[in-house]
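Worksheet: the structure to be examined is printed underneath.
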Amino acid sequence: MRTVSIATLCLFLVSGTQAAHPQKRDHDSLAKQALGKPAIIRAGVGATVGQIANRPHEWGRGPAGFARRFGSAMGTHVVRSSVQFGVATVRHEDLKYYPSGKQGFGPRMKHALLSTVVARKTTDGRPTMATGRVSGAVAGGFVCRLWQPARLRTVSSGLATSGIALGADAGANAVREFWPEIRHPRRRR
């Protein structure tokens, strides 16, 4: 029953956020980001890891436990995406990752990691704090505590989840930066 309520919350949040943004292109990108194949795959991977580690153990290891973990991961992702999209839209932030174009491992890695908390303005292309990404990670980290077991409804758990989300973004940026060399190791930039 709890999984159904999380799914209902996810749909409510996405539909409510879309109504606030009249541009159709923005609706499609939010819906795709929040409920598209990559989001479902990430939620499935997260639920599988949680199932193997039995975290949180209160949910058990059976199909019901997996369903709760998957629903929790999807709910967290929908909250995070909705807040991230809303804040980035209001602040005119382009949260897309742009490869550095620099030479050498150090400068490229620095660019990838900084791109986690720095975005471009859509108005003039200048760098700005990625408040959409940061606020989305914090919102997802804290809101997901609402449906977690009581022992996990703490500020420290919310901060830990937020930090893990930003760390995952940093790791994804590093992969995006070095993907051409990873995919084709003989080719050089």
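In the structure tokens, chains take the letters A, B, ... in the order shown, each chain's residues start at 1, and ligands count up from 1 in the order shown.
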
Enumerate, as a compact mmCIF listing (two decimals) with N, CA and C atoms, in the first residue's frame, the complete set of residues in chain A that a backbone-based DSSP assignment places in helix (DSSP H, G or I).
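Saved to result.txt:
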```txt
# COMPACT_ATOMS: atom_id res chain seq x y z
N ARG A 2 1.98 1.20 0.72
CA ARG A 2 2.85 2.37 0.80
C ARG A 2 3.46 2.68 -0.56
N THR A 3 3.78 1.65 -1.35
CA THR A 3 4.34 1.86 -2.67
C THR A 3 3.34 2.57 -3.57
N VAL A 4 2.08 2.20 -3.47
CA VAL A 4 1.05 2.87 -4.27
C VAL A 4 0.99 4.34 -3.92
N SER A 5 1.06 4.68 -2.63
CA SER A 5 0.99 6.08 -2.24
C SER A 5 2.22 6.85 -2.73
N ILE A 6 3.39 6.22 -2.78
CA ILE A 6 4.59 6.88 -3.29
C ILE A 6 4.43 7.13 -4.79
N ALA A 7 3.90 6.14 -5.52
CA ALA A 7 3.68 6.33 -6.96
C ALA A 7 2.67 7.45 -7.21
N THR A 8 1.62 7.50 -6.41
CA THR A 8 0.64 8.57 -6.53
C THR A 8 1.29 9.92 -6.26
N LEU A 9 2.13 9.99 -5.24
CA LEU A 9 2.85 11.23 -4.93
C LEU A 9 3.73 11.63 -6.11
N CYS A 10 4.41 10.67 -6.73
CA CYS A 10 5.26 10.97 -7.89
C CYS A 10 4.46 11.59 -9.02
N LEU A 11 3.33 10.98 -9.35
CA LEU A 11 2.52 11.51 -10.44
C LEU A 11 1.95 12.88 -10.10
N PHE A 12 1.53 13.07 -8.85
CA PHE A 12 1.01 14.36 -8.42
C PHE A 12 2.08 15.45 -8.55
N LEU A 13 3.29 15.15 -8.09
CA LEU A 13 4.36 16.14 -8.15
C LEU A 13 4.71 16.51 -9.58
N VAL A 14 4.78 15.52 -10.46
CA VAL A 14 5.13 15.81 -11.85
C VAL A 14 4.02 16.61 -12.51
N SER A 15 2.76 16.21 -12.32
CA SER A 15 1.67 16.94 -12.97
C SER A 15 1.53 18.34 -12.40
N GLY A 16 1.74 18.51 -11.11
CA GLY A 16 1.66 19.84 -10.50
C GLY A 16 2.76 20.75 -10.97
N THR A 17 3.96 20.23 -11.14
CA THR A 17 5.08 21.05 -11.60
C THR A 17 4.89 21.41 -13.06
N GLN A 18 4.38 20.50 -13.85
CA GLN A 18 4.18 20.80 -15.26
C GLN A 18 3.16 21.89 -15.45
N ALA A 19 2.12 21.92 -14.64
CA ALA A 19 1.09 22.95 -14.78
C ALA A 19 1.67 24.33 -14.51
N ALA A 20 2.71 24.41 -13.72
CA ALA A 20 3.30 25.70 -13.38
C ALA A 20 4.15 26.26 -14.52
N LYS A 24 5.47 23.86 -23.59
CA LYS A 24 5.37 22.43 -23.81
C LYS A 24 6.73 21.76 -23.82
N ARG A 25 7.72 22.39 -24.43
CA ARG A 25 9.05 21.80 -24.48
C ARG A 25 9.56 21.53 -23.06
N ASP A 26 9.30 22.43 -22.12
CA ASP A 26 9.72 22.24 -20.75
C ASP A 26 8.97 21.09 -20.10
N HIS A 27 7.69 20.93 -20.43
CA HIS A 27 6.91 19.81 -19.88
C HIS A 27 7.54 18.50 -20.30
N ASP A 28 7.83 18.39 -21.58
CA ASP A 28 8.37 17.14 -22.10
C ASP A 28 9.70 16.81 -21.44
N SER A 29 10.56 17.81 -21.27
CA SER A 29 11.87 17.53 -20.70
C SER A 29 11.77 17.15 -19.23
N LEU A 30 10.86 17.79 -18.47
CA LEU A 30 10.69 17.41 -17.07
C LEU A 30 10.13 16.01 -16.96
N ALA A 31 9.10 15.71 -17.75
CA ALA A 31 8.50 14.38 -17.68
C ALA A 31 9.52 13.31 -18.08
N LYS A 32 10.29 13.59 -19.12
CA LYS A 32 11.30 12.62 -19.57
C LYS A 32 12.38 12.45 -18.51
N GLN A 33 12.81 13.57 -17.91
CA GLN A 33 13.86 13.51 -16.89
C GLN A 33 13.37 12.78 -15.65
N ALA A 34 12.14 13.05 -15.25
CA ALA A 34 11.62 12.48 -14.01
C ALA A 34 11.13 11.05 -14.15
N LEU A 35 10.56 10.71 -15.32
CA LEU A 35 9.92 9.41 -15.45
C LEU A 35 10.38 8.62 -16.67
N LYS A 37 13.13 6.43 -19.29
CA LYS A 37 13.86 5.17 -19.13
C LYS A 37 15.09 5.31 -18.24
N PRO A 38 15.92 6.36 -18.40
CA PRO A 38 17.09 6.46 -17.51
C PRO A 38 16.70 6.55 -16.03
N ALA A 39 15.62 7.27 -15.73
CA ALA A 39 15.18 7.39 -14.34
C ALA A 39 14.72 6.03 -13.80
N ILE A 40 14.02 5.29 -14.62
CA ILE A 40 13.53 3.97 -14.20
C ILE A 40 14.71 3.01 -14.02
N ILE A 41 15.68 3.09 -14.91
CA ILE A 41 16.86 2.22 -14.78
C ILE A 41 17.64 2.56 -13.51
N ARG A 42 17.85 3.88 -13.26
CA ARG A 42 18.56 4.28 -12.03
C ARG A 42 17.81 3.82 -10.79
N ALA A 43 16.49 3.96 -10.80
CA ALA A 43 15.70 3.52 -9.64
C ALA A 43 15.81 2.01 -9.47
N GLY A 44 15.80 1.28 -10.58
CA GLY A 44 15.93 -0.17 -10.50
C GLY A 44 17.28 -0.61 -9.97
N VAL A 45 18.34 0.07 -10.43
CA VAL A 45 19.68 -0.25 -9.92
C VAL A 45 19.77 0.08 -8.43
N GLY A 46 19.27 1.25 -8.05
CA GLY A 46 19.29 1.63 -6.64
C GLY A 46 18.49 0.67 -5.77
N ALA A 47 17.32 0.26 -6.26
CA ALA A 47 16.49 -0.69 -5.51
C ALA A 47 17.18 -2.04 -5.41
N THR A 48 17.87 -2.47 -6.46
CA THR A 48 18.59 -3.74 -6.44
C THR A 48 19.74 -3.71 -5.43
N VAL A 49 20.49 -2.62 -5.44
CA VAL A 49 21.58 -2.48 -4.46
C VAL A 49 21.01 -2.48 -3.04
N GLY A 50 19.93 -1.73 -2.83
CA GLY A 50 19.29 -1.72 -1.51
C GLY A 50 18.77 -3.08 -1.11
N GLN A 51 18.24 -3.83 -2.08
CA GLN A 51 17.72 -5.17 -1.81
C GLN A 51 18.84 -6.11 -1.40
N ILE A 52 19.96 -6.06 -2.11
CA ILE A 52 21.10 -6.92 -1.79
C ILE A 52 21.66 -6.58 -0.41
N ALA A 53 21.79 -5.28 -0.12
CA ALA A 53 22.32 -4.84 1.18
C ALA A 53 21.25 -4.87 2.28
N HIS A 57 16.58 -2.24 6.47
CA HIS A 57 16.23 -3.63 6.82
C HIS A 57 14.78 -3.77 7.23
N GLU A 58 14.13 -2.68 7.64
CA GLU A 58 12.72 -2.73 8.04
C GLU A 58 11.81 -3.11 6.87
N TRP A 59 12.26 -2.91 5.65
CA TRP A 59 11.43 -3.22 4.49
C TRP A 59 11.54 -4.67 4.04
N PRO A 63 9.62 -9.45 -2.38
CA PRO A 63 9.12 -8.58 -3.44
C PRO A 63 8.54 -7.26 -2.91
N ALA A 64 7.89 -7.31 -1.76
CA ALA A 64 7.33 -6.09 -1.18
C ALA A 64 8.44 -5.12 -0.79
N GLY A 65 9.54 -5.65 -0.27
CA GLY A 65 10.68 -4.81 0.08
C GLY A 65 11.30 -4.17 -1.15
N PHE A 66 11.42 -4.96 -2.23
CA PHE A 66 11.96 -4.40 -3.48
C PHE A 66 11.03 -3.32 -4.02
N ALA A 67 9.74 -3.56 -3.97
CA ALA A 67 8.77 -2.57 -4.46
C ALA A 67 8.87 -1.27 -3.66
N ARG A 68 9.03 -1.38 -2.36
CA ARG A 68 9.20 -0.17 -1.54
C ARG A 68 10.48 0.58 -1.91
N ARG A 69 11.55 -0.17 -2.08
CA ARG A 69 12.83 0.46 -2.45
C ARG A 69 12.74 1.13 -3.81
N PHE A 70 12.11 0.46 -4.77
CA PHE A 70 11.96 1.04 -6.10
C PHE A 70 11.06 2.28 -6.03
N GLY A 71 9.95 2.20 -5.32
CA GLY A 71 9.06 3.35 -5.17
C GLY A 71 9.74 4.51 -4.49
N SER A 72 10.55 4.20 -3.48
CA SER A 72 11.29 5.25 -2.78
C SER A 72 12.30 5.92 -3.70
N ALA A 73 13.01 5.12 -4.49
CA ALA A 73 13.99 5.69 -5.42
C ALA A 73 13.31 6.55 -6.48
N MET A 74 12.18 6.09 -7.01
CA MET A 74 11.46 6.88 -8.01
C MET A 74 10.90 8.16 -7.38
N GLY A 75 10.34 8.04 -6.19
CA GLY A 75 9.80 9.23 -5.50
C GLY A 75 10.88 10.26 -5.24
N THR A 76 12.02 9.80 -4.77
CA THR A 76 13.15 10.69 -4.51
C THR A 76 13.58 11.37 -5.81
N HIS A 77 13.67 10.60 -6.88
CA HIS A 77 14.10 11.15 -8.16
C HIS A 77 13.10 12.17 -8.70
N VAL A 78 11.81 11.90 -8.55
CA VAL A 78 10.79 12.83 -9.05
C VAL A 78 10.85 14.14 -8.26
N VAL A 79 10.99 14.06 -6.95
CA VAL A 79 11.10 15.27 -6.13
C VAL A 79 12.34 16.05 -6.55
N ARG A 80 13.45 15.34 -6.64
CA ARG A 80 14.71 16.00 -7.00
C ARG A 80 14.62 16.67 -8.37
N SER A 81 14.11 15.95 -9.36
CA SER A 81 14.01 16.49 -10.72
C SER A 81 13.07 17.69 -10.76
N SER A 82 11.95 17.60 -10.05
CA SER A 82 10.97 18.69 -10.06
C SER A 82 11.55 19.96 -9.46
N VAL A 83 12.20 19.83 -8.32
CA VAL A 83 12.80 21.01 -7.68
C VAL A 83 13.95 21.54 -8.54
N GLN A 84 14.79 20.65 -9.02
CA GLN A 84 15.92 21.05 -9.85
C GLN A 84 15.44 21.80 -11.09
N PHE A 85 14.45 21.26 -11.76
CA PHE A 85 13.92 21.87 -12.98
C PHE A 85 13.29 23.23 -12.66
N GLY A 86 12.50 23.30 -11.60
CA GLY A 86 11.84 24.56 -11.24
C GLY A 86 12.82 25.66 -10.89
N VAL A 87 13.78 25.35 -10.05
CA VAL A 87 14.76 26.35 -9.63
C VAL A 87 15.65 26.76 -10.81
N ALA A 88 16.09 25.81 -11.60
CA ALA A 88 16.93 26.12 -12.75
C ALA A 88 16.18 26.99 -13.77
N THR A 89 14.90 26.73 -13.94
CA THR A 89 14.10 27.53 -14.87
C THR A 89 13.97 28.96 -14.37
N VAL A 90 13.66 29.14 -13.11
CA VAL A 90 13.50 30.48 -12.54
C VAL A 90 14.81 31.25 -12.57
N PHE A 105 44.70 15.30 -17.74
CA PHE A 105 43.74 14.68 -16.82
C PHE A 105 43.29 15.65 -15.73
N GLY A 106 44.22 16.33 -15.07
CA GLY A 106 43.90 17.21 -13.95
C GLY A 106 42.92 18.32 -14.31
N PRO A 107 43.21 19.12 -15.33
CA PRO A 107 42.29 20.20 -15.69
C PRO A 107 40.91 19.69 -16.12
N ARG A 108 40.88 18.56 -16.81
CA ARG A 108 39.60 18.00 -17.25
C ARG A 108 38.80 17.47 -16.06
N MET A 109 39.47 16.81 -15.13
CA MET A 109 38.77 16.30 -13.94
C MET A 109 38.25 17.47 -13.10
N LYS A 110 39.07 18.50 -12.95
CA LYS A 110 38.64 19.69 -12.20
C LYS A 110 37.37 20.28 -12.82
N HIS A 111 37.36 20.40 -14.14
CA HIS A 111 36.19 20.92 -14.84
C HIS A 111 34.96 20.04 -14.58
N ALA A 112 35.14 18.72 -14.67
CA ALA A 112 34.03 17.80 -14.46
C ALA A 112 33.46 17.93 -13.05
N LEU A 113 34.33 18.01 -12.06
CA LEU A 113 33.87 18.10 -10.68
C LEU A 113 33.23 19.46 -10.39
N LEU A 114 33.83 20.53 -10.89
CA LEU A 114 33.24 21.86 -10.69
C LEU A 114 31.89 22.01 -11.39
N THR A 131 22.33 26.36 -8.50
CA THR A 131 21.38 26.26 -7.38
C THR A 131 20.27 25.26 -7.66
N GLY A 132 19.90 25.09 -8.92
CA GLY A 132 18.89 24.10 -9.25
C GLY A 132 19.34 22.70 -8.89
N ARG A 133 20.57 22.35 -9.27
CA ARG A 133 21.09 21.01 -8.98
C ARG A 133 21.26 20.80 -7.48
N VAL A 134 21.82 21.79 -6.80
CA VAL A 134 22.06 21.65 -5.36
C VAL A 134 20.74 21.59 -4.60
N SER A 135 19.81 22.49 -4.91
CA SER A 135 18.53 22.49 -4.19
C SER A 135 17.72 21.23 -4.50
N GLY A 136 17.83 20.71 -5.73
CA GLY A 136 17.15 19.46 -6.05
C GLY A 136 17.69 18.29 -5.25
N ALA A 137 19.02 18.24 -5.12
CA ALA A 137 19.62 17.16 -4.33
C ALA A 137 19.22 17.25 -2.86
N VAL A 138 19.21 18.47 -2.32
CA VAL A 138 18.84 18.65 -0.91
C VAL A 138 17.36 18.33 -0.72
N ALA A 139 16.51 18.80 -1.61
CA ALA A 139 15.07 18.52 -1.50
C ALA A 139 14.80 17.02 -1.58
N GLY A 140 15.42 16.35 -2.55
CA GLY A 140 15.24 14.91 -2.67
C GLY A 140 15.74 14.17 -1.45
N GLY A 141 16.87 14.61 -0.91
CA GLY A 141 17.44 13.97 0.27
C GLY A 141 16.57 14.09 1.50
N PHE A 142 15.92 15.24 1.65
CA PHE A 142 15.09 15.44 2.84
C PHE A 142 13.66 14.96 2.66
N VAL A 143 13.07 15.16 1.49
CA VAL A 143 11.68 14.72 1.30
C VAL A 143 11.57 13.21 1.35
N CYS A 144 12.58 12.49 0.84
CA CYS A 144 12.50 11.03 0.86
C CYS A 144 12.50 10.48 2.28
N ARG A 145 12.92 11.27 3.23
CA ARG A 145 12.88 10.83 4.63
C ARG A 145 11.45 10.64 5.12
N LEU A 146 10.47 11.26 4.46
CA LEU A 146 9.08 11.17 4.89
C LEU A 146 8.54 9.74 4.83
N TRP A 147 8.98 8.96 3.85
CA TRP A 147 8.47 7.60 3.73
C TRP A 147 9.48 6.55 4.16
N ALA A 150 11.30 5.16 10.62
CA ALA A 150 11.46 6.22 11.62
C ALA A 150 12.92 6.49 11.98
N ARG A 151 13.73 5.46 12.08
CA ARG A 151 15.13 5.67 12.48
C ARG A 151 15.93 6.47 11.45
N LEU A 152 15.43 6.55 10.20
CA LEU A 152 16.13 7.27 9.14
C LEU A 152 15.56 8.67 8.90
N VAL A 155 18.04 14.62 10.25
CA VAL A 155 18.73 15.61 9.44
C VAL A 155 20.00 15.02 8.85
N SER A 156 20.73 14.25 9.64
CA SER A 156 21.98 13.67 9.13
C SER A 156 21.73 12.71 7.98
N SER A 157 20.64 11.94 8.04
CA SER A 157 20.31 11.05 6.93
C SER A 157 19.95 11.84 5.68
N GLY A 158 19.21 12.93 5.85
CA GLY A 158 18.87 13.79 4.71
C GLY A 158 20.09 14.42 4.08
N LEU A 159 21.01 14.89 4.92
CA LEU A 159 22.25 15.48 4.40
C LEU A 159 23.11 14.43 3.70
N ALA A 160 23.16 13.23 4.27
CA ALA A 160 23.94 12.16 3.65
C ALA A 160 23.39 11.81 2.27
N THR A 161 22.07 11.69 2.16
CA THR A 161 21.45 11.39 0.88
C THR A 161 21.72 12.50 -0.13
N SER A 162 21.65 13.75 0.32
CA SER A 162 21.93 14.90 -0.56
C SER A 162 23.37 14.86 -1.05
N GLY A 163 24.30 14.58 -0.17
CA GLY A 163 25.71 14.49 -0.54
C GLY A 163 25.98 13.36 -1.51
N ILE A 164 25.34 12.23 -1.28
CA ILE A 164 25.51 11.09 -2.19
C ILE A 164 24.98 11.45 -3.58
N ALA A 165 23.85 12.15 -3.64
CA ALA A 165 23.29 12.55 -4.94
C ALA A 165 24.24 13.48 -5.68
N LEU A 166 24.82 14.46 -4.99
CA LEU A 166 25.77 15.36 -5.63
C LEU A 166 27.05 14.63 -6.03
N GLY A 167 27.48 13.68 -5.20
CA GLY A 167 28.64 12.87 -5.55
C GLY A 167 28.39 12.02 -6.79
N ALA A 168 27.19 11.48 -6.90
CA ALA A 168 26.83 10.71 -8.10
C ALA A 168 26.84 11.62 -9.34
N ASP A 169 26.36 12.86 -9.18
CA ASP A 169 26.41 13.81 -10.30
C ASP A 169 27.86 14.09 -10.70
N ALA A 170 28.73 14.26 -9.72
CA ALA A 170 30.14 14.51 -10.01
C ALA A 170 30.76 13.32 -10.75
N GLY A 171 30.45 12.13 -10.30
CA GLY A 171 30.95 10.93 -10.98
C GLY A 171 30.43 10.82 -12.40
N ALA A 172 29.15 11.13 -12.59
CA ALA A 172 28.58 11.10 -13.95
C ALA A 172 29.25 12.13 -14.84
N ASN A 173 29.56 13.31 -14.29
CA ASN A 173 30.26 14.32 -15.08
C ASN A 173 31.65 13.84 -15.49
N ALA A 174 32.34 13.17 -14.58
CA ALA A 174 33.68 12.65 -14.90
C ALA A 174 33.59 11.62 -16.02
N VAL A 175 32.58 10.76 -15.96
CA VAL A 175 32.41 9.78 -17.03
C VAL A 175 32.09 10.49 -18.34
N ARG A 176 31.23 11.50 -18.31
CA ARG A 176 30.91 12.25 -19.53
C ARG A 176 32.16 12.92 -20.12
N GLU A 177 33.00 13.45 -19.25
CA GLU A 177 34.22 14.14 -19.71
C GLU A 177 35.18 13.17 -20.39
N PHE A 178 35.34 11.99 -19.82
CA PHE A 178 36.34 11.05 -20.33
C PHE A 178 35.75 9.94 -21.19
N TRP A 179 34.46 9.99 -21.47
CA TRP A 179 33.81 8.91 -22.22
C TRP A 179 34.44 8.68 -23.60
N PRO A 180 34.78 9.73 -24.36
CA PRO A 180 35.39 9.43 -25.66
C PRO A 180 36.65 8.56 -25.55
N GLU A 181 37.49 8.81 -24.54
CA GLU A 181 38.71 8.01 -24.36
C GLU A 181 38.39 6.63 -23.79
N ILE A 182 37.36 6.54 -22.99
CA ILE A 182 36.98 5.25 -22.44
C ILE A 182 36.40 4.37 -23.54
N ARG A 183 35.58 4.97 -24.40
CA ARG A 183 34.93 4.22 -25.46
C ARG A 183 35.91 3.83 -26.56
```

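Atom to atom, atom CA of Arg91 of chain A and atom CA of Val117 of chain A stand 14.1 Å apart.
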
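Straight-line separation from atom CA of Lys121 of chain A to atom CA of Gln103 of chain A: 24.6 Å.
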
Task: Residues flagged strand (DSSP E) by DSSP in segment 13-137 of chain A, as number ranges by chain - done: A: 93-94, 118-121, 127-129

Selected residues written out, C-alpha atoms, as a PDB file, in the first residue's frame:
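Result file out-v3.pdb:
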```
ATOM      1  CA  GLU A  93      20.438  27.920 -15.376  1.00  0.00           C
ATOM      2  CA  ASP A  94      21.533  25.484 -18.059  1.00  0.00           C
ATOM      3  CA  VAL A 118      28.593  25.472 -11.469  1.00  0.00           C
ATOM      4  CA  ALA A 119      26.176  25.953 -14.378  1.00  0.00           C
ATOM      5  CA  ARG A 120      25.843  28.330 -17.307  1.00  0.00           C
ATOM      6  CA  LYS A 121      23.249  31.090 -17.439  1.00  0.00           C
ATOM      7  CA  PRO A 127      29.035  30.656 -15.093  1.00  0.00           C
ATOM      8  CA  THR A 128      26.792  30.724 -12.023  1.00  0.00           C
ATOM      9  CA  MET A 129      26.144  28.589  -8.965  1.00  0.00           C
TER      10      MET A 129
END
```
